[in-house]
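Q: Just dropping this structure here.
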Amino acid sequence: MGEDRTDASALLRAAEAAAPAGIAFLDGELRFVRCNAAFEAITGEPAASLAGRTAADALPGADELVRALRDVRETGSPVADLRIDATQGGRRRRWRADCAPTPDGVCLFLSDVTEQETAAALRDALMRDMAEGLYTVDGTGRLTSMNRAASQMLGWAESELLGRSVHEFVHRPGGPAGVDECALRRPAAMTDEVFVRKDGSSFQVMCSVAPLHEGAGDPGAVVTFRDVTAARKADLEAHHDQKLESLGRLSAGLAHEINTPIQFVGDNTRFLADAYQDMWQLLMVYRECLAPDLGEVAWDERTARAREAEEKADVEYLVAEIPAAVRQTLDGVERVASLVRAMKSFSYKDTVEQSYADLNEAIRTTLTVARNEVKYVADVTLDLAELPEVLCHRGDLNQVFLNLLVNAADAMEGRDERGRILISTRLEGPDVVIRVTDDGSGIPEHIRQSIFDPFFTTKGVGKGSGQGLALARAVVDRHGGSIDVESAPGRGTTFTLHLPVNGRQDA
Ligand SMILES: Nc1ncnc2c1ncn2[C@@H]1O[C@H](COP(=O)(O)OP(=O)(O)OP(=O)(O)O)[C@@H](O)[C@H]1O
Ligand SMILES: [Mg+2]
């Protein structure tokens, strides 16, 4: 029995020494009898200095704890999970205390939960108050948590999505990319995505993905995102302003283009007015000749008068020219109408959503509005293959085509003979490929690196601002495509655009 007791107390000591929590025994007067090393570390008091002191004396500031210890001693029932503010070595800490009665006093378990509580508070703030959406997924892409902002933006309650594949419900429902190829399964700093709400509507987000190692198995991820639909709208407005601005720059040429047909429409209309007068006079003579009160005038004389009037009016000429004048007038009106249509189509106001558009038509439109920029220096040949419609922001692409065309025309500067510009379209695999080739000056090797940089230009003040290709690259990137250049100085340049028919695959 005696030996058993020794064994038990040796075991207890060993357990105390190994325990991660602080453990202390106090006597009936609530004086420290002994404590383990963890208790020393938490309170910052060596066991030797604690021994014999009362809790109230040794743990100043922990009044609540002292009260709890008294309660336990007096009532004999334990107190669990008491959270208290304490100071250790001048630093404010949070302790968790659990007190249990012993035959001769009280046993106190103490752990420092400062970090744990801070982490929990941070987590609460992120989940409850953060404006950005945040969710976490496990290694298989299933939702493990979601904050309030995410829930509000997506229209799903956290509980509805817990354990379900985010890829399927939020990211790209029914999209071609499988969950394993999903862009949001790989760490990423900032990527543009489209998220889908519970009601099926979608919105554009900017999101970042960081790996999250918790528990066993493949690492999951924490995804934060923000709704950028409004910002994108503002971008589009700015782009639209740019479109109007370039239309403004083209306006002198457009005015000229419109003026020519308007002029011959005017001339022809004046001619038709005169012809009408002549015909009317002739008609009057016919009427007179047929009038009954002309009874006594011989038929011969009547026909002679009519013939004379016909000669005066030059009927043959009128009969031949009037239909031609009408045709020309209608042509002129159609030319003006098609210019106006092209201007409208060119300055097309893109929406946030992309739409399917005929790029051959977009190229023709751009050529129409820019004809005057090009027609004095080069002949443009179109070699347009049959294309499917492409998911795109067509107004933005118009801007890109315009810049490539104007650049090609500018490359003819300073030479005597007219240049040649070839615009071709092809369907190559999943992409529409557009090539703009000129036989102009070419681009010297040493500046080829820089031509896509914003504000890089070799053109004089008032001629170029160096934004065309920078804008083109930004637009093409946003479509998930590419823009490349090949050039031979002195011989010419080809710009090649690749645009995926179905738009950006990861968007
Ligand atoms: N087809 C081309 N042939 C020769 N040089 C070209 C051609 N296209 C572009 N470049 C060169 O690249 C530069 C940058 O072109 P970019 O379209 O970005 O600006 P820009 O035409 O100078 O000005 P902006 O387009 O703003 O009016 C041009 O200044 C020119 O030196
Ligand atoms: Mg340019």
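How things are named: the first chain in the structure tokens is A, the next is B, and so on; residues count from 1 in each chain; ligands count from 1 in the order shown.
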Taking only C-alpha atoms and all ligand atoms into account, list the residues no farther than 9 Å from ligand 2, as a ChimeraX atom specification.
A: /A:402-408,410,457,459,463-469
Q: Which neighbours of Lys312 in chain A fall inside 9 Å, counting only C-alpha atoms, when residues of the same chain fewer than 3 positions from it are skipped, and could you give them as a PyMOL selection string?
A: chain A and resi 278+282+307-309+315
Q: Restricting it to C-alpha atoms, dump the selection as a short mmCIF file (atom, residue, chain, number, x, y, z; two decimals), in the first residue's frame.
A:
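File again_15.cif, as written:
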data_model
loop_
_atom_site.label_atom_id
_atom_site.label_comp_id
_atom_site.auth_asym_id
_atom_site.auth_seq_id
_atom_site.Cartn_x
_atom_site.Cartn_y
_atom_site.Cartn_z
CA ASP A 278 -38.98 70.99 -118.36
CA LEU A 282 -43.92 69.87 -122.05
CA ARG A 307 -42.68 68.10 -131.45
CA GLU A 308 -41.22 71.57 -131.10
CA ALA A 309 -41.86 71.53 -127.37
CA VAL A 315 -36.86 64.75 -124.04
#
Q: Go through A:Thr494, A:Cys392, A:Arg91, A:Asp477 one by one, measure the shortest atom-to-atom distance of each to Ile423 in chain A using only C-alpha atoms, and give the residue with the smallest value.
A: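 With only C-alpha atoms as the atom set, the closest residue is A:Thr494.
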Q: What's around Arg186 in chain A at 8 Å? Count only C-alpha atoms, leave out sequence neighbours fewer than 5 positions away in its own chain, and write the answer as a PDB file with C-alpha atoms, in the first residue's frame.
A:
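Output file selection.pdb follows:
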ATOM      1  CA  VAL A 209      -5.522  32.536 -54.011  1.00  0.00           C
ATOM      2  CA  ALA A 210      -3.121  31.391 -51.280  1.00  0.00           C
ATOM      3  CA  PRO A 211      -2.422  27.813 -50.222  1.00  0.00           C
TER       4      PRO A 211
END
Q: What residues in range 119-248 of chain A get the DSSP label strand (DSSP E or B)? Please answer as number ranges by chain.
A: A: 133-137, 142-146, 165, 188-196, 202-212, 220-227
